[in-house]
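As provided, work_6.cif (mmCIF, C-alpha atoms) reads as follows.
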data_my_file
loop_
_atom_site.label_atom_id
_atom_site.label_comp_id
_atom_site.auth_asym_id
_atom_site.auth_seq_id
_atom_site.Cartn_x
_atom_site.Cartn_y
_atom_site.Cartn_z
CA MET A 1 122.60 48.85 86.20
CA ALA A 2 122.52 45.88 83.81
CA PRO A 3 121.44 42.56 85.35
CA ARG A 4 124.06 39.90 85.87
CA PRO A 5 123.36 36.32 84.80
CA PRO A 6 123.45 33.50 87.35
CA PRO A 7 127.01 32.33 88.20
CA ARG A 8 126.45 28.95 86.55
CA VAL A 9 125.52 30.64 83.28
CA ARG A 10 128.68 32.75 83.35
CA GLU A 11 130.73 29.66 84.14
CA LEU A 12 129.25 27.67 81.25
CA THR A 13 129.78 30.62 78.92
CA ARG A 14 133.47 30.80 79.81
CA GLU A 15 133.83 27.04 79.37
CA LYS A 16 132.24 27.05 75.93
CA LEU A 17 133.47 30.36 74.51
CA GLY A 18 136.56 31.27 76.52
CA ASP A 19 137.25 34.12 78.93
CA GLN A 20 137.70 36.82 76.29
CA ALA A 21 134.50 36.09 74.41
CA ALA A 22 132.54 35.75 77.67
CA ALA A 23 133.80 39.14 78.83
CA GLU A 24 132.49 40.82 75.65
CA ILE A 25 128.93 39.54 76.01
CA ASP A 26 126.26 42.15 76.67
CA TRP A 27 124.16 40.66 79.48
CA SER A 28 121.73 43.59 79.56
CA ALA A 29 119.08 41.83 77.46
CA PRO A 30 119.60 38.06 77.47
CA ARG A 31 117.11 35.80 75.71
CA ILE A 32 116.26 32.23 76.66
CA VAL A 33 115.41 29.90 73.78
CA CYS A 34 113.71 26.65 74.80
CA VAL A 35 113.64 23.93 72.12
CA ALA A 36 111.46 20.84 72.53
CA GLY A 37 109.29 18.43 70.58
CA ALA A 38 106.15 20.07 71.99
CA PHE A 39 104.93 22.55 74.62
CA THR A 40 101.70 22.63 76.60
CA HIS A 41 99.27 25.54 76.79
CA HIS A 42 100.50 26.15 80.35
CA ASP A 43 104.05 26.57 79.00
CA THR A 44 102.98 29.30 76.59
CA VAL A 45 101.07 31.12 79.35
CA ALA A 46 103.97 30.80 81.79
CA VAL A 47 106.51 32.52 79.53
CA GLU A 48 104.30 35.63 79.46
CA MET A 49 104.24 35.74 83.27
CA ILE A 50 107.91 35.13 84.00
CA GLY A 51 109.03 38.58 82.82
CA HIS A 52 112.11 37.47 80.85
CA ARG A 53 112.77 37.31 77.12
CA ILE A 54 111.88 33.73 76.25
CA ASP A 55 111.19 31.92 72.97
CA LEU A 56 109.52 28.51 72.78
CA VAL A 57 110.56 26.64 69.64
CA THR A 58 109.37 23.20 68.56
CA TYR A 59 111.28 20.94 66.18
CA ARG A 60 110.37 18.20 63.76
CA VAL A 61 112.78 15.82 62.02
CA PHE A 62 111.82 14.50 58.60
CA GLU A 63 114.51 12.09 57.42
CA ASP A 64 117.57 14.38 57.36
CA VAL A 65 115.62 17.66 57.40
CA LEU A 66 115.17 19.55 60.68
CA THR A 67 112.42 22.17 60.86
CA LEU A 68 111.93 24.69 63.67
CA GLN A 69 108.72 26.55 64.50
CA LEU A 70 108.35 29.48 66.91
CA ILE A 71 105.40 28.69 69.18
CA ALA A 72 105.53 31.58 71.66
CA SER A 73 107.73 34.59 72.35
CA ALA A 74 107.79 36.86 75.40
CA GLY A 75 109.47 40.26 75.06
CA GLY A 76 110.49 40.70 78.71
CA SER A 77 112.25 43.88 79.79
CA ARG A 78 115.24 45.73 78.36
CA THR A 79 117.66 47.64 80.59
CA SER A 80 120.13 49.39 78.31
CA ALA A 81 120.20 51.67 75.28
CA ARG A 82 121.79 48.85 73.36
CA GLY A 83 118.98 46.52 74.36
CA ARG A 84 116.32 49.09 73.38
CA ALA A 85 117.95 49.71 70.01
CA SER A 86 118.08 45.99 69.37
CA GLY A 87 114.41 45.69 70.23
CA SER A 88 113.46 48.51 67.85
CA ALA A 89 115.38 46.94 65.00
CA ARG A 90 113.78 43.60 65.72
CA ALA A 91 110.30 45.10 65.76
CA ALA A 92 110.98 46.76 62.39
CA SER A 93 111.77 43.41 60.75
CA PRO A 94 108.53 41.65 59.82
CA ALA A 95 108.23 38.01 60.83
CA PRO A 96 108.02 35.53 57.95
CA LYS A 97 104.47 34.71 56.93
CA SER A 98 103.14 31.31 57.85
CA VAL A 99 101.42 28.98 55.42
CA GLN A 100 98.16 29.71 57.28
CA GLN A 101 98.60 33.45 56.66
CA TYR A 102 99.15 32.81 52.96
CA LEU A 103 96.03 30.66 52.91
CA ASP A 104 94.01 33.33 54.72
CA GLU A 105 95.10 35.88 52.08
CA SER A 106 94.22 33.60 49.18
CA PRO A 107 91.23 34.17 46.89
CA GLU A 108 88.20 32.04 47.63
CA ASP A 109 88.72 29.70 44.68
CA LEU A 110 92.23 28.85 45.88
CA LYS A 111 90.95 28.26 49.42
CA GLU A 112 88.33 25.89 48.03
CA LEU A 113 90.95 24.13 45.92
CA TYR A 114 93.12 23.64 49.01
CA ALA A 115 90.12 22.28 50.93
CA ASP A 116 89.60 19.70 48.17
CA LEU A 117 93.29 18.76 48.21
CA ASP A 118 93.26 18.52 52.00
CA GLU A 119 90.23 16.24 51.88
CA LEU A 120 91.87 14.05 49.25
CA LEU A 121 95.08 13.61 51.23
CA LEU A 122 93.31 12.91 54.52
CA SER A 123 91.00 10.39 52.86
CA HIS A 124 93.91 7.93 52.73
CA ARG A 125 94.29 5.65 55.70
CA ASP A 126 96.65 6.73 58.47
CA VAL A 127 97.60 10.04 56.81
CA LEU A 128 97.96 12.80 59.39
CA LYS A 129 98.14 16.56 58.89
CA GLU A 130 100.94 18.53 60.58
CA PRO A 131 101.08 22.29 59.79
CA GLN A 132 104.60 23.72 59.79
CA LEU A 133 105.64 27.36 59.45
CA HIS A 134 106.18 27.37 55.67
CA TYR A 135 104.14 24.39 54.56
CA VAL A 136 101.55 21.83 55.61
CA ALA A 137 102.91 18.29 55.96
CA TYR A 138 100.83 15.18 55.37
CA ARG A 139 102.47 12.06 56.73
CA ARG A 140 102.19 8.44 57.60
CA ILE A 141 105.50 7.14 58.97
CA VAL A 142 107.23 9.83 56.89
CA ASN A 143 105.94 12.76 54.83
CA VAL A 144 103.90 11.71 51.81
CA ALA A 145 103.14 15.26 50.71
CA THR A 146 103.94 18.85 51.63
CA VAL A 147 101.80 21.77 50.49
CA ARG A 148 102.76 25.42 50.07
CA VAL A 149 100.29 28.16 49.15
CA GLN A 150 101.09 30.89 46.62
CA PRO A 151 98.20 33.40 46.57
CA ARG A 152 99.80 35.68 43.96
CA ASN A 153 100.22 32.84 41.51
CA ARG A 154 96.92 31.21 42.56
CA LEU A 155 98.79 27.96 43.04
CA LEU A 156 99.19 25.11 45.48
CA VAL A 157 102.73 23.74 45.30
CA VAL A 158 102.76 20.08 46.35
CA ASN A 159 105.87 17.97 46.89
CA LEU A 160 105.36 14.21 46.68
CA ARG A 161 107.51 11.28 47.78
CA LEU A 162 108.03 9.85 44.30
CA ASP A 163 111.04 8.81 42.24
CA PRO A 164 111.14 11.40 39.43
CA ASP A 165 112.30 8.70 37.02
CA SER A 166 109.01 6.87 37.60
CA VAL A 167 106.87 9.89 36.64
CA GLU A 168 106.11 11.27 33.20
CA LEU A 169 106.93 14.89 33.97
CA GLN A 170 104.88 17.64 32.32
CA GLU A 171 106.30 21.13 31.91
CA GLY A 172 104.46 23.68 34.04
CA PHE A 173 102.72 20.95 36.03
CA SER A 174 105.33 18.59 37.49
CA ARG A 175 109.10 18.67 37.88
CA ASP A 176 112.07 16.75 39.20
CA MET A 177 113.20 18.16 42.57
CA ARG A 178 116.43 16.21 42.93
CA GLY A 179 119.14 18.51 44.29
CA LEU A 180 116.78 21.50 44.60
CA GLY A 181 116.15 21.26 48.36
CA ALA A 182 112.37 20.93 48.63
CA LEU A 183 110.93 21.43 52.12
CA GLY A 184 109.93 18.29 53.97
CA ILE A 185 110.57 15.80 51.14
CA ARG A 186 113.94 15.33 49.58
CA ASP A 187 114.50 14.55 45.89
CA GLY A 188 110.85 13.96 45.06
CA VAL A 189 108.41 15.38 42.52
CA GLU A 190 106.80 18.81 42.68
CA VAL A 191 103.28 19.28 41.35
CA ARG A 192 101.75 22.71 40.76
CA ILE A 193 97.98 22.75 41.19
CA GLY A 194 96.01 25.78 40.06
CA SER A 195 92.67 24.28 39.09
CA ARG A 196 90.42 21.31 39.74
CA GLU A 197 91.66 19.86 36.46
CA ASP A 198 95.20 19.99 37.84
CA LEU A 199 93.99 18.33 41.04
CA GLU A 200 92.42 15.52 39.04
CA ARG A 201 95.69 15.04 37.14
CA ALA A 202 97.58 14.92 40.44
CA THR A 203 95.25 12.40 42.11
CA ASP A 204 97.10 9.32 40.83
CA LEU A 205 100.48 10.77 41.79
CA ILE A 206 99.19 11.54 45.29
CA GLN A 207 97.89 7.98 45.60
CA ARG A 208 101.28 6.58 44.59
CA SER A 209 103.10 8.84 47.04
CA VAL A 210 100.89 7.66 49.91
CA GLU A 211 101.41 4.01 48.98
CA VAL A 212 105.23 4.20 49.09
CA ALA A 213 105.32 5.61 52.62
#
Produce structure tokens that represent the structure in this file.
Amino acid sequence: MAPRPPPRVRELTREKLGDQAAAEIDWSAPRIVCVAGAFTHHDTVAVEMIGHRIDLVTYRVFEDVLTLQLIASAGGSRTSARGRASGSARAASPAPKSVQQYLDESPEDLKELYADLDELLLSHRDVLKEPQLHYVAYRRIVNVATVRVQPRNRLLVVNLRLDPDSVELQEGFSRDMRGLGALGIRDGVEVRIGSREDLERATDLIQRSVEVA
């Protein structure tokens, strides 16, 4: 027999969705999604012990961009064929790779290049490093740079908080990101770094991006 949700949950569901929609919900495998600015280590341990399907998701707001990151996920138990089928399909879909996974898969020279870039960014006063799912953010009050890793292309893709009109753009190295929806920094400049020579060329742009934040 499928479990029934607490009465208050059913009541809120009817209030928000209406009686007909609430009656069509399959309550055999409910999932709880908890969203917060941060979770403690005890929170992540607790979700494994509770025995329900629970996701812990943190959020960050950068200007008008909201990013979500899955911190922990507990599978819980399933009680119906529908629930088991859903679980199988979910297991078959690979989770998106994180920026750390891409970095781990990178050749050694790209890892070393990222280490040099990381050191350069953190050498500026008050710049903090905040890894996200798809990129690494470097910020003061706001993001001054975001870094994505592309192992196949042997590239570090860096978005900087710069007015594209103030930069002498170079094809294949830097480009105007206005209207293109870059992660973490809106309407800035993208720099593609594949060598130490590229990193040297980007040093002044990085300095300028830090200074405007």
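Among the candidate residues A:Glu190, A:Asp176, A:Asp163, A:Glu112, the one lying nearest to Ala145 in chain A is A:Glu190, with distances computed using all atoms listed in the file.
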Exercise for the section: Pull out every residue that the PyMOL selection byres ((chain A and resi 57) around 9) matches in the shown coordinates and put them as a PyMOL selection string. Expected result: chain A and resi 33-39+55-56+58-59+68-73
Problem - Protein and nucleic acid residues near (94.6, 24.1, 41.4) (cut-off 10 Å, all atoms listed in the file) as a ChimeraX atom specification - result: /A:109-114,116-117,154-157,191-200,202
Could you write out that same residue set with C-alpha atoms as a PDB file, in the frame of the given file?
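Generated file (selection04.pdb):
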ATOM      1  CA  ASP A 109      88.720  29.700  44.680  1.00  0.00           C
ATOM      2  CA  LEU A 110      92.230  28.850  45.880  1.00  0.00           C
ATOM      3  CA  LYS A 111      90.950  28.260  49.420  1.00  0.00           C
ATOM      4  CA  GLU A 112      88.330  25.890  48.030  1.00  0.00           C
ATOM      5  CA  LEU A 113      90.950  24.130  45.920  1.00  0.00           C
ATOM      6  CA  TYR A 114      93.120  23.640  49.010  1.00  0.00           C
ATOM      7  CA  ASP A 116      89.600  19.700  48.170  1.00  0.00           C
ATOM      8  CA  LEU A 117      93.290  18.760  48.210  1.00  0.00           C
ATOM      9  CA  ARG A 154      96.920  31.210  42.560  1.00  0.00           C
ATOM     10  CA  LEU A 155      98.790  27.960  43.040  1.00  0.00           C
ATOM     11  CA  LEU A 156      99.190  25.110  45.480  1.00  0.00           C
ATOM     12  CA  VAL A 157     102.730  23.740  45.300  1.00  0.00           C
ATOM     13  CA  VAL A 191     103.280  19.280  41.350  1.00  0.00           C
ATOM     14  CA  ARG A 192     101.750  22.710  40.760  1.00  0.00           C
ATOM     15  CA  ILE A 193      97.980  22.750  41.190  1.00  0.00           C
ATOM     16  CA  GLY A 194      96.010  25.780  40.060  1.00  0.00           C
ATOM     17  CA  SER A 195      92.670  24.280  39.090  1.00  0.00           C
ATOM     18  CA  ARG A 196      90.420  21.310  39.740  1.00  0.00           C
ATOM     19  CA  GLU A 197      91.660  19.860  36.460  1.00  0.00           C
ATOM     20  CA  ASP A 198      95.200  19.990  37.840  1.00  0.00           C
ATOM     21  CA  LEU A 199      93.990  18.330  41.040  1.00  0.00           C
ATOM     22  CA  GLU A 200      92.420  15.520  39.040  1.00  0.00           C
ATOM     23  CA  ALA A 202      97.580  14.920  40.440  1.00  0.00           C
TER      24      ALA A 202
END
Completion exercise
Separating CA of Arg31 in chain A from CA of Thr13 in chain A, to the nearest tenth of an Å, is a gap of 14.1 Å
Exercise for the section: Would you write out, as a PyMOL selection string, every residue that the PyMOL selection byres ((chain A and resi 129) around 10) captures in this file? Expected result: chain A and resi 118+121-122+126-128+130-132+136-140+143+145-146
Just-selected residues, C-alpha atoms written as a compact mmCIF listing (two decimals), in the coordinates of the input:
# COMPACT_ATOMS: atom_id res chain seq x y z
CA ASP A 118 93.26 18.52 52.00
CA LEU A 121 95.08 13.61 51.23
CA LEU A 122 93.31 12.91 54.52
CA ASP A 126 96.65 6.73 58.47
CA VAL A 127 97.60 10.04 56.81
CA LEU A 128 97.96 12.80 59.39
CA GLU A 130 100.94 18.53 60.58
CA PRO A 131 101.08 22.29 59.79
CA GLN A 132 104.60 23.72 59.79
CA VAL A 136 101.55 21.83 55.61
CA ALA A 137 102.91 18.29 55.96
CA TYR A 138 100.83 15.18 55.37
CA ARG A 139 102.47 12.06 56.73
CA ARG A 140 102.19 8.44 57.60
CA ASN A 143 105.94 12.76 54.83
CA ALA A 145 103.14 15.26 50.71
CA THR A 146 103.94 18.85 51.63
Answer key for the PyMOL selection byres ((chain A and resi 62) around 10), residues as a short mmCIF file (atom, residue, chain, number, x, y, z; two decimals) with C-alpha atoms, in the coordinates of the input:
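Final file, selection26.cif:
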data_model
loop_
_atom_site.label_atom_id
_atom_site.label_comp_id
_atom_site.auth_asym_id
_atom_site.auth_seq_id
_atom_site.Cartn_x
_atom_site.Cartn_y
_atom_site.Cartn_z
CA TYR A 59 111.28 20.94 66.18
CA ARG A 60 110.37 18.20 63.76
CA VAL A 61 112.78 15.82 62.02
CA GLU A 63 114.51 12.09 57.42
CA ASP A 64 117.57 14.38 57.36
CA VAL A 65 115.62 17.66 57.40
CA LEU A 66 115.17 19.55 60.68
CA THR A 67 112.42 22.17 60.86
CA ARG A 139 102.47 12.06 56.73
CA ILE A 141 105.50 7.14 58.97
CA VAL A 142 107.23 9.83 56.89
CA ASN A 143 105.94 12.76 54.83
CA LEU A 183 110.93 21.43 52.12
CA GLY A 184 109.93 18.29 53.97
CA ILE A 185 110.57 15.80 51.14
CA ARG A 186 113.94 15.33 49.58
#
